[in-house]
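So this block is protein_35.cif, mmCIF, C-alpha atoms and all ligand atoms:
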```
data_final
loop_
_atom_site.label_atom_id
_atom_site.label_comp_id
_atom_site.auth_asym_id
_atom_site.auth_seq_id
_atom_site.Cartn_x
_atom_site.Cartn_y
_atom_site.Cartn_z
CA MET A 1 0.00 0.00 0.00
CA SER A 2 1.24 3.44 -0.85
CA ALA A 3 1.79 5.93 1.99
CA LYS A 4 0.33 8.59 -0.21
CA ARG A 5 -2.57 10.50 1.24
CA PRO A 6 -4.25 13.87 0.72
CA GLU A 7 -2.33 16.73 2.30
CA PRO A 8 -3.88 20.09 3.16
CA ARG A 9 -2.55 23.33 1.76
CA ALA A 10 0.78 24.47 3.15
CA GLY A 11 0.49 26.12 6.54
CA LEU A 12 -2.88 24.74 7.59
CA LEU A 13 -1.40 22.18 9.97
CA ALA A 14 0.47 24.97 11.74
CA ILE A 15 -2.82 26.53 12.86
CA ASP A 16 -3.69 26.07 16.52
CA ALA A 17 -7.40 25.26 16.69
CA TYR A 18 -9.53 27.78 18.58
CA VAL A 19 -9.82 26.94 22.27
CA PRO A 20 -13.38 27.66 23.39
CA GLY A 21 -14.32 28.43 26.98
CA LYS A 22 -14.86 25.29 29.04
CA SER A 23 -18.42 24.25 29.81
CA GLU A 24 -18.03 21.45 32.34
CA SER A 25 -17.22 21.19 36.02
CA ASP A 26 -17.29 18.29 38.46
CA TYR A 27 -19.06 20.42 41.05
CA SER A 28 -22.27 18.79 42.28
CA GLY A 29 -24.17 22.02 42.96
CA PRO A 30 -25.26 24.72 40.51
CA VAL A 31 -22.56 25.49 37.97
CA HIS A 32 -21.97 29.03 36.72
CA LYS A 33 -20.56 29.13 33.19
CA LEU A 34 -18.64 32.40 32.87
CA SER A 35 -16.20 31.28 30.20
CA SER A 36 -17.72 32.40 26.88
CA ASN A 37 -19.17 35.88 27.45
CA GLU A 38 -22.74 34.66 27.11
CA THR A 39 -25.44 36.88 28.59
CA PRO A 40 -27.08 35.94 31.90
CA LEU A 41 -30.31 37.58 30.68
CA GLY A 42 -30.91 35.19 27.78
CA PRO A 43 -32.52 36.32 24.51
CA PRO A 44 -35.57 38.62 24.36
CA ILE A 45 -38.81 36.63 24.84
CA SER A 46 -40.01 37.79 21.42
CA ALA A 47 -36.93 36.18 19.83
CA ARG A 48 -37.63 32.85 21.50
CA GLU A 49 -41.25 33.00 20.27
CA ALA A 50 -40.13 33.79 16.72
CA TYR A 51 -37.70 30.88 16.88
CA GLU A 52 -40.45 28.52 18.00
CA ALA A 53 -42.80 29.73 15.28
CA ALA A 54 -40.07 29.13 12.69
CA SER A 55 -39.82 25.51 13.83
CA ARG A 56 -43.04 24.90 11.92
CA SER A 57 -41.35 25.31 8.54
CA LEU A 58 -38.07 23.47 8.91
CA GLU A 59 -38.52 21.72 5.55
CA LEU A 60 -38.12 25.01 3.69
CA TYR A 61 -34.84 26.63 2.77
CA PRO A 62 -34.42 29.98 4.52
CA ASP A 63 -34.39 33.30 2.65
CA GLY A 64 -30.82 33.27 1.37
CA SER A 65 -30.83 37.04 1.04
CA ALA A 66 -31.80 37.48 4.73
CA ARG A 67 -33.92 40.43 3.58
CA LEU A 68 -36.12 40.87 6.65
CA LEU A 69 -33.18 40.65 9.02
CA ARG A 70 -31.09 43.08 6.97
CA GLU A 71 -34.00 45.51 6.90
CA ALA A 72 -34.57 45.21 10.66
CA ILE A 73 -30.86 45.82 11.33
CA ALA A 74 -30.78 48.75 8.92
CA ALA A 75 -33.86 50.33 10.52
CA GLN A 76 -32.43 49.92 14.00
CA TYR A 77 -29.02 51.41 13.25
CA GLY A 78 -29.91 53.83 10.45
CA LEU A 79 -28.09 51.92 7.73
CA ASP A 80 -28.49 50.98 4.07
CA PRO A 81 -29.95 47.42 4.07
CA LEU A 82 -28.12 46.66 0.83
CA ARG A 83 -24.82 47.05 2.62
CA VAL A 84 -25.62 44.61 5.42
CA VAL A 85 -24.32 41.06 4.88
CA CYS A 86 -25.45 38.36 7.30
CA GLY A 87 -23.33 35.43 8.36
CA HIS A 88 -23.39 32.18 10.27
CA GLY A 89 -22.09 33.99 13.33
CA SER A 90 -19.69 36.84 12.84
CA ASP A 91 -16.88 34.27 12.76
CA ASP A 92 -18.23 33.28 9.35
CA LEU A 93 -17.81 36.86 8.10
CA LEU A 94 -14.30 37.21 9.56
CA HIS A 95 -13.25 34.07 7.69
CA LEU A 96 -14.90 35.26 4.47
CA LEU A 97 -13.14 38.62 4.69
CA ALA A 98 -9.76 36.98 5.15
CA ALA A 99 -10.43 34.48 2.37
CA ALA A 100 -11.48 37.30 0.04
CA TYR A 101 -8.61 39.72 0.58
CA ILE A 102 -5.60 37.61 1.56
CA ALA A 103 -3.61 35.58 -0.92
CA PRO A 104 -0.78 33.26 0.11
CA GLY A 105 2.17 35.39 1.21
CA ASP A 106 0.06 38.44 2.09
CA GLU A 107 -0.03 39.80 5.60
CA GLY A 108 -2.90 40.40 8.00
CA ILE A 109 -2.49 42.40 11.20
CA LEU A 110 -4.03 41.78 14.60
CA THR A 111 -2.96 42.99 18.03
CA ALA A 112 -0.93 41.07 20.60
CA HIS A 113 -3.92 39.89 22.64
CA GLY A 114 -6.43 40.23 19.82
CA PHE A 115 -9.32 37.82 19.25
CA GLN A 116 -7.85 34.48 18.16
CA ILE A 117 -10.26 33.95 15.28
CA PHE A 118 -8.46 36.80 13.48
CA LYS A 119 -5.23 34.85 13.46
CA ILE A 120 -6.96 31.62 12.44
CA ALA A 121 -8.76 33.40 9.59
CA ILE A 122 -5.53 34.98 8.28
CA LEU A 123 -3.59 31.71 8.45
CA SER A 124 -6.45 29.73 6.88
CA ALA A 125 -6.31 32.04 3.89
CA GLY A 126 -2.59 31.31 3.52
CA GLY A 127 -1.53 34.68 4.92
CA LYS A 128 1.01 35.64 7.51
CA ALA A 129 -0.38 36.90 10.83
CA VAL A 130 1.48 39.95 12.11
CA CYS A 131 0.88 40.86 15.76
CA ALA A 132 1.10 44.54 16.72
CA PRO A 133 2.12 45.12 20.33
CA GLU A 134 -0.45 46.45 22.80
CA ARG A 135 0.12 49.01 25.55
CA HIS A 136 -1.41 48.12 28.92
CA PHE A 137 -3.52 45.45 27.19
CA LYS A 138 -4.90 48.02 24.78
CA ALA A 139 -4.40 48.34 21.03
CA ALA A 140 -2.21 51.28 19.97
CA VAL A 141 -2.70 52.93 16.58
CA ASP A 142 0.97 53.81 16.08
CA ASP A 143 2.05 50.26 16.79
CA ILE A 144 -0.48 48.93 14.30
CA LEU A 145 0.65 51.46 11.69
CA ALA A 146 4.27 50.42 12.24
CA CYS A 147 3.28 46.86 11.18
CA VAL A 148 1.80 47.94 7.85
CA THR A 149 3.93 46.87 4.87
CA GLU A 150 3.35 46.57 1.14
CA LYS A 151 2.07 43.08 1.80
CA THR A 152 -0.60 44.10 4.33
CA ARG A 153 -4.08 43.38 2.99
CA ILE A 154 -6.25 43.40 6.10
CA ILE A 155 -6.22 44.69 9.70
CA PHE A 156 -8.48 43.11 12.31
CA LEU A 157 -9.33 45.08 15.43
CA ALA A 158 -11.93 44.01 17.98
CA ASN A 159 -13.28 47.10 19.69
CA PRO A 160 -13.73 46.46 22.56
CA ASN A 161 -11.29 43.59 22.37
CA ASN A 162 -11.83 40.10 23.70
CA PRO A 163 -10.20 38.95 26.03
CA THR A 164 -8.80 42.25 27.34
CA GLY A 165 -12.07 44.24 27.49
CA THR A 166 -10.27 47.46 26.55
CA TYR A 167 -11.47 49.75 23.78
CA LEU A 168 -9.94 52.28 21.45
CA GLU A 169 -11.44 55.78 21.45
CA TYR A 170 -13.27 56.66 18.25
CA SER A 171 -10.81 59.49 17.48
CA GLU A 172 -8.04 56.88 17.48
CA VAL A 173 -10.03 54.53 15.26
CA VAL A 174 -10.53 57.39 12.80
CA ARG A 175 -6.82 58.19 12.94
CA LEU A 176 -6.07 54.56 12.10
CA ALA A 177 -8.52 54.60 9.20
CA ASP A 178 -6.99 57.87 7.95
CA ARG A 179 -3.42 56.59 7.98
CA ILE A 180 -3.71 53.15 6.39
CA PRO A 181 -3.47 52.67 2.65
CA ARG A 182 -6.88 52.76 0.94
CA ASP A 183 -6.41 49.26 -0.41
CA VAL A 184 -6.02 47.70 3.04
CA VAL A 185 -9.27 46.45 4.60
CA LEU A 186 -9.83 47.60 8.18
CA VAL A 187 -12.21 45.22 9.99
CA LEU A 188 -13.67 46.62 13.21
CA ASP A 189 -15.23 43.77 15.16
CA GLY A 190 -17.93 45.23 17.39
CA ALA A 191 -19.09 42.03 19.09
CA TYR A 192 -19.41 43.91 22.39
CA ALA A 193 -20.28 47.35 20.99
CA GLU A 194 -23.74 47.48 22.59
CA TYR A 195 -22.24 47.16 26.06
CA VAL A 196 -19.98 50.21 25.76
CA THR A 197 -21.29 53.32 27.50
CA ALA A 198 -18.17 55.53 27.18
CA GLN A 199 -18.88 58.80 25.35
CA ASP A 200 -15.66 58.66 23.35
CA TYR A 201 -16.55 55.28 21.81
CA SER A 202 -18.24 54.44 18.53
CA ALA A 203 -18.52 51.11 16.79
CA GLY A 204 -17.67 52.93 13.56
CA LEU A 205 -20.74 52.30 11.39
CA ALA A 206 -20.34 55.83 10.00
CA LEU A 207 -16.77 55.04 8.95
CA ALA A 208 -17.96 51.96 7.08
CA SER A 209 -20.54 54.17 5.36
CA GLU A 210 -17.92 56.60 4.11
CA ARG A 211 -14.71 54.73 3.49
CA PRO A 212 -13.97 52.26 0.70
CA ASN A 213 -11.99 50.01 3.04
CA VAL A 214 -13.71 49.87 6.43
CA VAL A 215 -15.92 46.94 7.47
CA ILE A 216 -17.83 46.56 10.74
CA THR A 217 -18.82 43.15 12.05
CA ARG A 218 -21.48 42.62 14.72
CA THR A 219 -23.05 39.61 16.37
CA PHE A 220 -26.27 38.33 17.89
CA SER A 221 -24.26 36.02 20.17
CA LYS A 222 -23.56 38.42 22.99
CA ILE A 223 -26.04 41.06 24.17
CA PHE A 224 -28.90 39.55 22.14
CA GLY A 225 -28.40 36.14 23.73
CA LEU A 226 -28.51 34.05 20.54
CA ALA A 227 -25.02 32.48 20.59
CA SER A 228 -26.38 29.02 19.88
CA LEU A 229 -28.18 30.15 16.71
CA ARG A 230 -25.03 31.58 15.08
CA VAL A 231 -25.98 34.91 13.52
CA GLY A 232 -23.72 37.85 12.78
CA TRP A 233 -23.64 40.67 10.26
CA ALA A 234 -21.21 42.95 8.51
CA TYR A 235 -21.66 46.52 7.35
CA ALA A 236 -19.38 47.20 4.43
CA PRO A 237 -18.84 49.25 1.28
CA GLU A 238 -20.91 47.95 -1.64
CA HIS A 239 -17.93 46.52 -3.52
CA ILE A 240 -16.93 44.45 -0.47
CA CYS A 241 -20.52 43.25 0.05
CA ALA A 242 -20.54 42.11 -3.56
CA VAL A 243 -17.45 39.99 -2.90
CA LEU A 244 -18.83 38.49 0.32
CA HIS A 245 -22.07 37.53 -1.46
CA ARG A 246 -20.09 35.67 -4.12
CA ILE A 247 -18.25 33.45 -1.68
CA ARG A 248 -20.64 33.04 1.26
CA GLY A 249 -22.83 29.99 1.67
CA PRO A 250 -26.10 30.70 -0.17
CA PHE A 251 -28.14 29.83 2.95
CA ASN A 252 -25.60 30.74 5.61
CA VAL A 253 -28.20 31.76 8.21
CA SER A 254 -30.92 29.26 9.11
CA GLY A 255 -34.62 30.13 9.12
CA PRO A 256 -35.08 29.93 12.92
CA ALA A 257 -31.93 32.03 13.37
CA LEU A 258 -33.19 34.68 10.93
CA ALA A 259 -36.57 34.80 12.68
CA ALA A 260 -35.11 35.07 16.18
CA ALA A 261 -32.52 37.70 15.24
CA THR A 262 -35.07 39.82 13.37
CA SER A 263 -37.20 39.99 16.52
CA ALA A 264 -34.24 40.45 18.84
CA VAL A 265 -32.77 43.47 17.09
CA ARG A 266 -36.06 45.34 17.48
CA ASP A 267 -36.11 44.81 21.25
CA GLN A 268 -34.08 47.74 22.49
CA ASP A 269 -35.63 47.45 25.98
CA HIS A 270 -33.82 44.17 26.32
CA VAL A 271 -30.59 45.84 25.25
CA ALA A 272 -31.09 48.62 27.81
CA ARG A 273 -31.78 46.12 30.61
CA SER A 274 -28.68 44.15 29.65
CA ILE A 275 -26.48 47.24 29.69
CA ALA A 276 -27.81 48.29 33.11
CA HIS A 277 -27.23 44.81 34.54
CA ASN A 278 -23.75 44.65 33.08
CA ASP A 279 -22.70 48.11 34.29
CA LYS A 280 -23.86 47.39 37.80
CA TRP A 281 -22.22 43.99 38.18
CA ARG A 282 -19.04 44.74 36.24
CA GLY A 283 -18.47 47.68 38.61
CA TRP A 284 -19.29 45.55 41.63
CA LEU A 285 -17.02 42.67 40.61
CA THR A 286 -14.16 44.97 39.63
CA GLU A 287 -14.29 46.62 43.08
CA ARG A 288 -14.58 43.38 45.03
CA LEU A 289 -11.73 41.69 43.18
CA THR A 290 -9.50 44.75 43.54
CA GLU A 291 -10.17 44.77 47.30
CA ILE A 292 -8.81 41.25 47.64
CA GLY A 293 -5.59 42.16 45.87
CA LEU A 294 -6.29 41.19 42.27
CA VAL A 295 -5.56 43.46 39.35
CA VAL A 296 -8.51 43.98 37.01
CA THR A 297 -8.05 45.63 33.63
CA PRO A 298 -10.82 48.25 33.20
CA SER A 299 -13.37 46.68 30.87
CA ALA A 300 -15.91 48.20 28.48
CA ALA A 301 -17.47 44.82 27.71
CA ASN A 302 -19.41 42.08 29.54
CA PHE A 303 -16.36 40.40 31.04
CA VAL A 304 -13.29 41.33 33.02
CA LEU A 305 -9.64 40.42 32.58
CA VAL A 306 -8.27 39.48 36.00
CA HIS A 307 -4.54 39.21 36.66
CA LEU A 308 -3.36 36.79 39.32
CA PRO A 309 -0.32 37.29 41.54
CA ALA A 310 2.75 35.60 40.09
CA ALA A 311 3.39 33.69 43.35
CA SER A 312 3.48 29.94 42.85
CA GLY A 313 0.29 28.17 43.81
CA ARG A 314 -1.64 31.39 43.34
CA ASP A 315 -1.39 31.60 39.57
CA ALA A 316 -4.17 31.67 36.99
CA SER A 317 -4.17 27.91 36.30
CA HIS A 318 -4.58 27.14 39.98
CA ALA A 319 -7.29 29.79 40.32
CA GLU A 320 -9.12 28.36 37.31
CA SER A 321 -9.19 24.82 38.74
CA PHE A 322 -10.00 26.10 42.22
CA LEU A 323 -13.01 28.03 40.87
CA SER A 324 -14.09 25.05 38.81
CA ARG A 325 -14.22 22.90 41.95
CA GLU A 326 -16.44 25.61 43.45
CA GLY A 327 -18.78 25.43 40.45
CA VAL A 328 -17.51 28.53 38.64
CA ILE A 329 -16.16 28.06 35.12
CA VAL A 330 -13.94 30.86 33.84
CA ARG A 331 -11.65 31.22 30.84
CA GLY A 332 -7.94 30.50 31.09
CA LEU A 333 -5.94 32.52 28.56
CA HIS A 334 -2.84 30.53 27.62
CA SER A 335 -3.91 30.66 23.98
CA TYR A 336 -3.95 34.47 24.24
CA ASP A 337 -0.43 34.74 25.61
CA LEU A 338 -1.90 35.81 28.96
CA PRO A 339 -0.90 32.76 31.02
CA ASN A 340 -1.44 34.47 34.35
CA ALA A 341 -4.82 36.04 33.71
CA LEU A 342 -8.41 34.84 33.64
CA ARG A 343 -11.32 36.19 31.66
CA ILE A 344 -14.52 36.19 33.68
CA THR A 345 -17.92 36.90 32.12
CA ILE A 346 -20.33 39.08 34.09
CA GLY A 347 -23.11 36.70 35.13
CA ASP A 348 -26.27 36.93 37.19
CA GLN A 349 -26.08 37.97 40.83
CA ALA A 350 -25.51 34.44 42.14
CA ALA A 351 -22.72 33.81 39.64
CA ASN A 352 -20.95 37.09 40.35
CA GLU A 353 -21.13 36.46 44.08
CA ALA A 354 -19.79 32.95 43.56
CA VAL A 355 -16.81 34.36 41.63
CA TYR A 356 -16.06 36.79 44.42
CA GLU A 357 -16.44 34.23 47.21
CA GLY A 358 -14.36 31.70 45.30
CA LEU A 359 -11.50 34.06 44.54
CA LYS A 360 -11.56 35.44 48.07
CA LYS A 361 -11.10 31.91 49.39
CA PHE A 362 -8.40 31.24 46.82
CA MET A 363 -6.47 34.37 47.74
CA SER A 364 -6.60 33.87 51.53
C1 LIG A 401 -17.85 36.43 20.80
C2 LIG A 401 -17.11 37.20 19.76
C3 LIG A 401 -17.55 37.22 18.45
C4 LIG A 401 -18.84 36.54 18.09
O1 LIG A 401 -18.67 35.48 17.28
P1 LIG A 401 -19.98 34.79 16.68
O2 LIG A 401 -19.40 33.94 15.63
O3 LIG A 401 -20.84 35.89 16.12
O4 LIG A 401 -20.64 34.06 17.79
C5 LIG A 401 -16.86 37.94 17.51
N1 LIG A 401 -15.77 38.65 17.87
C6 LIG A 401 -15.34 38.68 19.13
C7 LIG A 401 -14.18 39.53 19.49
C8 LIG A 401 -15.99 37.94 20.10
O5 LIG A 401 -15.53 37.94 21.36
#
```
Give the structure from this file in structure tokens form.
Amino acid sequence: MSAKRPEPRAGLLAIDAYVPGKSESDYSGPVHKLSSNETPLGPPISAREAYEAASRSLELYPDGSARLLREAIAAQYGLDPLRVVCGHGSDDLLHLLAAAYIAPGDEGILTAHGFQIFKIAILSAGGKAVCAPERHFKAAVDDILACVTEKTRIIFLANPNNPTGTYLEYSEVVRLADRIPRDVVLVLDGAYAEYVTAQDYSAGLALASERPNVVITRTFSKIFGLASLRVGWAYAPEHICAVLHRIRGPFNVSGPALAAATSAVRDQDHVARSIAHNDKWRGWLTERLTEIGLVVTPSAANFVLVHLPAASGRDASHAESFLSREGVIVRGLHSYDLPNALRITIGDQAANEAVYEGLKKFMS
């Protein structure tokens, strides 16, 4: 027998698969899953009802143009529905953007602790992933600009970023957009945009309206509570939309997902409640954890980055297993080059209190 077998394209086997947040614990009591930035409030009730109603027509292909969802999004955010492209989660769109604009040998930029899907998308397309340094766990425009070369085709920036929770002021985002070559795509991933209350922040939809090279991605997985349904969208210049439509799956969002997301985006009361809950508990948890000697990076999103003391036995891996035994699942960050930090999602009251009690015990 020949040893010959199919081999994937060069470079694919060098990709480290995405490490999702854990979802299991051996704890016998109630388990709090705070490892994937899911919302403790769930989806709006109207979205659940729309999902259930859609279960009556599962034999039909969904509307491949996602017209009703695009129109609902456009109405909500004041956009042109023809420039909204929906995806099977925003991950789908990030991969499509990389596949469309990166050829083997080209470069894509992300930041040092940037969202790992960016790197995976660049490498999958055959590109080289270039990591710009961050300053105090925050992206820095000048450091990103210093990474731009003739080979740069795309820049991915999550704003706010996961897993750091930090955000770049809109004036800085505009400065970045102003300074990069017009043929480099700037992707601003606003997965947590709804949670940001800072006055100097904008997700950048206006930039994507004006510039030929700026794309915004958004998701229904976080504040809208529909992570399991996999729906995201991009707002992009027409010529980029035209490319995404050519290469996307023709039915890349399922019927129940379209129905639920279309209802969810109209429910701004749910968004307001979620923001209020998040603000209150993110502030509370940040204060409590600081009191017990932990360092918390100020977060604009629905999670906090917590730095453990370097002392042996008190490091992040030990804290993660300790919390898990107490029924609290958090996210270790080895894959983000943050080996001594944990990312903890803001949960409901019981979950947040369990995090505090658990870490207090761990630290004493
Ligand atoms: C959670 C998250 C997403 C959302 O991905 P989906 O595929 O839409 O679920 C996108 N970007 C960042 C930075 C995230 O943290």
**OP:** Go through A:Leu94, A:Thr164, A:Ile240, A:Leu226 one by one, measure the shortest atom-to-atom distance of each to Asp183 in chain A using only C-alpha atoms, and give the residue with the smallest value.
**Re:**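 Counting only C-alpha atoms, the residue closest to Asp183 in chain A is A:Ile240.
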**OP:** Point out the residue among A:Ile102, A:Leu207, A:Val214, A:Ala301 with the least atom-to-atom distance to ligand LIG 401 (chain A), counting all atoms listed in the file.
**Re:**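 Among the listed residues, the smallest separation from ligand LIG 401 (chain A) belongs to A:Ala301.
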Subject >> Interatomic distance, CA of Val243 in chain A to CA of Leu82 in chain A (Å, one decimal) >> reply: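 These atoms are spaced 13.1 Å apart.
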Using only C-alpha atoms and all ligand atoms, which residues have at least one atom no more than 8 Å from ligand LIG 401 (chain A)? Output them as a PDB file with C-alpha atoms, in the coordinates of the input.
```
ATOM      1  CA  SER A  36     -17.720  32.400  26.880  1.00  0.00           C
ATOM      2  CA  ASN A  37     -19.170  35.880  27.450  1.00  0.00           C
ATOM      3  CA  HIS A  88     -23.390  32.180  10.270  1.00  0.00           C
ATOM      4  CA  GLY A  89     -22.090  33.990  13.330  1.00  0.00           C
ATOM      5  CA  SER A  90     -19.690  36.840  12.840  1.00  0.00           C
ATOM      6  CA  ASP A  91     -16.880  34.270  12.760  1.00  0.00           C
ATOM      7  CA  ASP A  92     -18.230  33.280   9.350  1.00  0.00           C
ATOM      8  CA  GLY A 114      -6.430  40.230  19.820  1.00  0.00           C
ATOM      9  CA  PHE A 115      -9.320  37.820  19.250  1.00  0.00           C
ATOM     10  CA  ILE A 117     -10.260  33.950  15.280  1.00  0.00           C
ATOM     11  CA  ALA A 158     -11.930  44.010  17.980  1.00  0.00           C
ATOM     12  CA  ASN A 159     -13.280  47.100  19.690  1.00  0.00           C
ATOM     13  CA  PRO A 160     -13.730  46.460  22.560  1.00  0.00           C
ATOM     14  CA  ASN A 161     -11.290  43.590  22.370  1.00  0.00           C
ATOM     15  CA  ASN A 162     -11.830  40.100  23.700  1.00  0.00           C
ATOM     16  CA  PRO A 163     -10.200  38.950  26.030  1.00  0.00           C
ATOM     17  CA  ASP A 189     -15.230  43.770  15.160  1.00  0.00           C
ATOM     18  CA  GLY A 190     -17.930  45.230  17.390  1.00  0.00           C
ATOM     19  CA  ALA A 191     -19.090  42.030  19.090  1.00  0.00           C
ATOM     20  CA  TYR A 192     -19.410  43.910  22.390  1.00  0.00           C
ATOM     21  CA  THR A 217     -18.820  43.150  12.050  1.00  0.00           C
ATOM     22  CA  ARG A 218     -21.480  42.620  14.720  1.00  0.00           C
ATOM     23  CA  THR A 219     -23.050  39.610  16.370  1.00  0.00           C
ATOM     24  CA  PHE A 220     -26.270  38.330  17.890  1.00  0.00           C
ATOM     25  CA  SER A 221     -24.260  36.020  20.170  1.00  0.00           C
ATOM     26  CA  LYS A 222     -23.560  38.420  22.990  1.00  0.00           C
ATOM     27  CA  ALA A 227     -25.020  32.480  20.590  1.00  0.00           C
ATOM     28  CA  SER A 228     -26.380  29.020  19.880  1.00  0.00           C
ATOM     29  CA  ARG A 230     -25.030  31.580  15.080  1.00  0.00           C
ATOM     30  CA  VAL A 231     -25.980  34.910  13.520  1.00  0.00           C
ATOM     31  CA  GLY A 232     -23.720  37.850  12.780  1.00  0.00           C
TER      32      GLY A 232
END
```
**OP:** Measuring atom to atom with all atoms listed in the file, identify which of A:Ile247, A:Leu68, A:Ile154, A:Val141 is nearest to Ala103 in chain A.
**Re:** A:Ile154
**OP:** Give as an MDAnalysis selection string every residue, naming chains and numbers as the document does, that has an atom within 10 Å of (-36.6, 44.6, 23.8), counting all atoms listed in the file.
**Re:** chainID A and resid 43:47 224 263:274
Original post:
Quick one: residues within 10 Å of Gly29 in chain A, only C-alpha atoms counted, chain neighbours fewer than 4 positions away excluded, as a PyMOL selection string?
Top reply: chain A and resi 25+326-327
Original post:
Between CA of Leu34 in chain A and CA of Asp200 in chain A, what is the distance, to one decimal in Å?
Top reply: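 According to the coordinates, CA of Leu34 in chain A and CA of Asp200 in chain A are separated by 28.1 Å.
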Original post:
Got a sec: who's within 7 Å of Asn340 in chain A, counting only C-alpha atoms, leaving out chain neighbours fewer than 5 positions off, as a list of chain:residue names?
Top reply: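 The residues satisfying every condition are A:His307, A:Leu308, A:Asp315, A:Ala316.
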Mind listing whatever residues come within 12 Å of the point (-11.2, 36.8, 1.3)? Use all atoms listed in the file, file coordinates, and give them as a JSON list (two decimals) with C-alpha atoms, in the coordinates of the input.
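New file point.json:
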```json
[["chain", "number", "residue", "atom", "x", "y", "z"],
["A", 92, "ASP", "CA", -18.23, 33.28, 9.35],
["A", 93, "LEU", "CA", -17.81, 36.86, 8.10],
["A", 94, "LEU", "CA", -14.30, 37.21, 9.56],
["A", 95, "HIS", "CA", -13.25, 34.07, 7.69],
["A", 96, "LEU", "CA", -14.90, 35.26, 4.47],
["A", 97, "LEU", "CA", -13.14, 38.62, 4.69],
["A", 98, "ALA", "CA", -9.76, 36.98, 5.15],
["A", 99, "ALA", "CA", -10.43, 34.48, 2.37],
["A", 100, "ALA", "CA", -11.48, 37.30, 0.04],
["A", 101, "TYR", "CA", -8.61, 39.72, 0.58],
["A", 102, "ILE", "CA", -5.60, 37.61, 1.56],
["A", 103, "ALA", "CA", -3.61, 35.58, -0.92],
["A", 104, "PRO", "CA", -0.78, 33.26, 0.11],
["A", 106, "ASP", "CA", 0.06, 38.44, 2.09],
["A", 108, "GLY", "CA", -2.90, 40.40, 8.00],
["A", 121, "ALA", "CA", -8.76, 33.40, 9.59],
["A", 122, "ILE", "CA", -5.53, 34.98, 8.28],
["A", 123, "LEU", "CA", -3.59, 31.71, 8.45],
["A", 124, "SER", "CA", -6.45, 29.73, 6.88],
["A", 125, "ALA", "CA", -6.31, 32.04, 3.89],
["A", 126, "GLY", "CA", -2.59, 31.31, 3.52],
["A", 127, "GLY", "CA", -1.53, 34.68, 4.92],
["A", 153, "ARG", "CA", -4.08, 43.38, 2.99],
["A", 154, "ILE", "CA", -6.25, 43.40, 6.10],
["A", 185, "VAL", "CA", -9.27, 46.45, 4.60],
["A", 240, "ILE", "CA", -16.93, 44.45, -0.47],
["A", 241, "CYS", "CA", -20.52, 43.25, 0.05],
["A", 242, "ALA", "CA", -20.54, 42.11, -3.56],
["A", 243, "VAL", "CA", -17.45, 39.99, -2.90],
["A", 244, "LEU", "CA", -18.83, 38.49, 0.32],
["A", 245, "HIS", "CA", -22.07, 37.53, -1.46],
["A", 246, "ARG", "CA", -20.09, 35.67, -4.12],
["A", 247, "ILE", "CA", -18.25, 33.45, -1.68],
["A", 248, "ARG", "CA", -20.64, 33.04, 1.26]]
```
Subject >> Nearest to Thr286 in chain A by atom-to-atom distance, counting all atoms listed in the file, from A:Glu210, A:Glu194, A:Glu320, A:Glu353 >> reply: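 Comparing A:Glu210, A:Glu194, A:Glu320, A:Glu353 against Thr286 in chain A, the winner is A:Glu353.
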Original post:
Which residue out of A:Ala177, A:Leu157, A:Leu79, A:Ile329 has the minimum interatomic distance to Gly347 in chain A when all atoms listed in the file are used?
Top reply: A:Ile329
Original post:
Of the residues A:Ile344, A:Leu13, A:Val148, A:Leu258, which is the one nearest to Ser65 in chain A, using only C-alpha atoms?
Top reply: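 Among the listed residues, the smallest separation from Ser65 in chain A belongs to A:Leu258.
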Original post:
So which residues touch Leu333 in chain A within 8 Å, counting all atoms listed in the file, skipping near sequence neighbours fewer than 5 positions away, as a list in words?
Top reply: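 Result of the neighbour search: Leu338, Pro339, Asn340, Ala341, Leu342 and Arg343 of chain A.
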Subject >> Residues near Leu60 in chain A, cut-off 12 Å, all atoms listed in the file, skip fewer than 2 positions along chain, as number ranges by chain >> reply: A: 54-58, 62-64, 251, 254-256
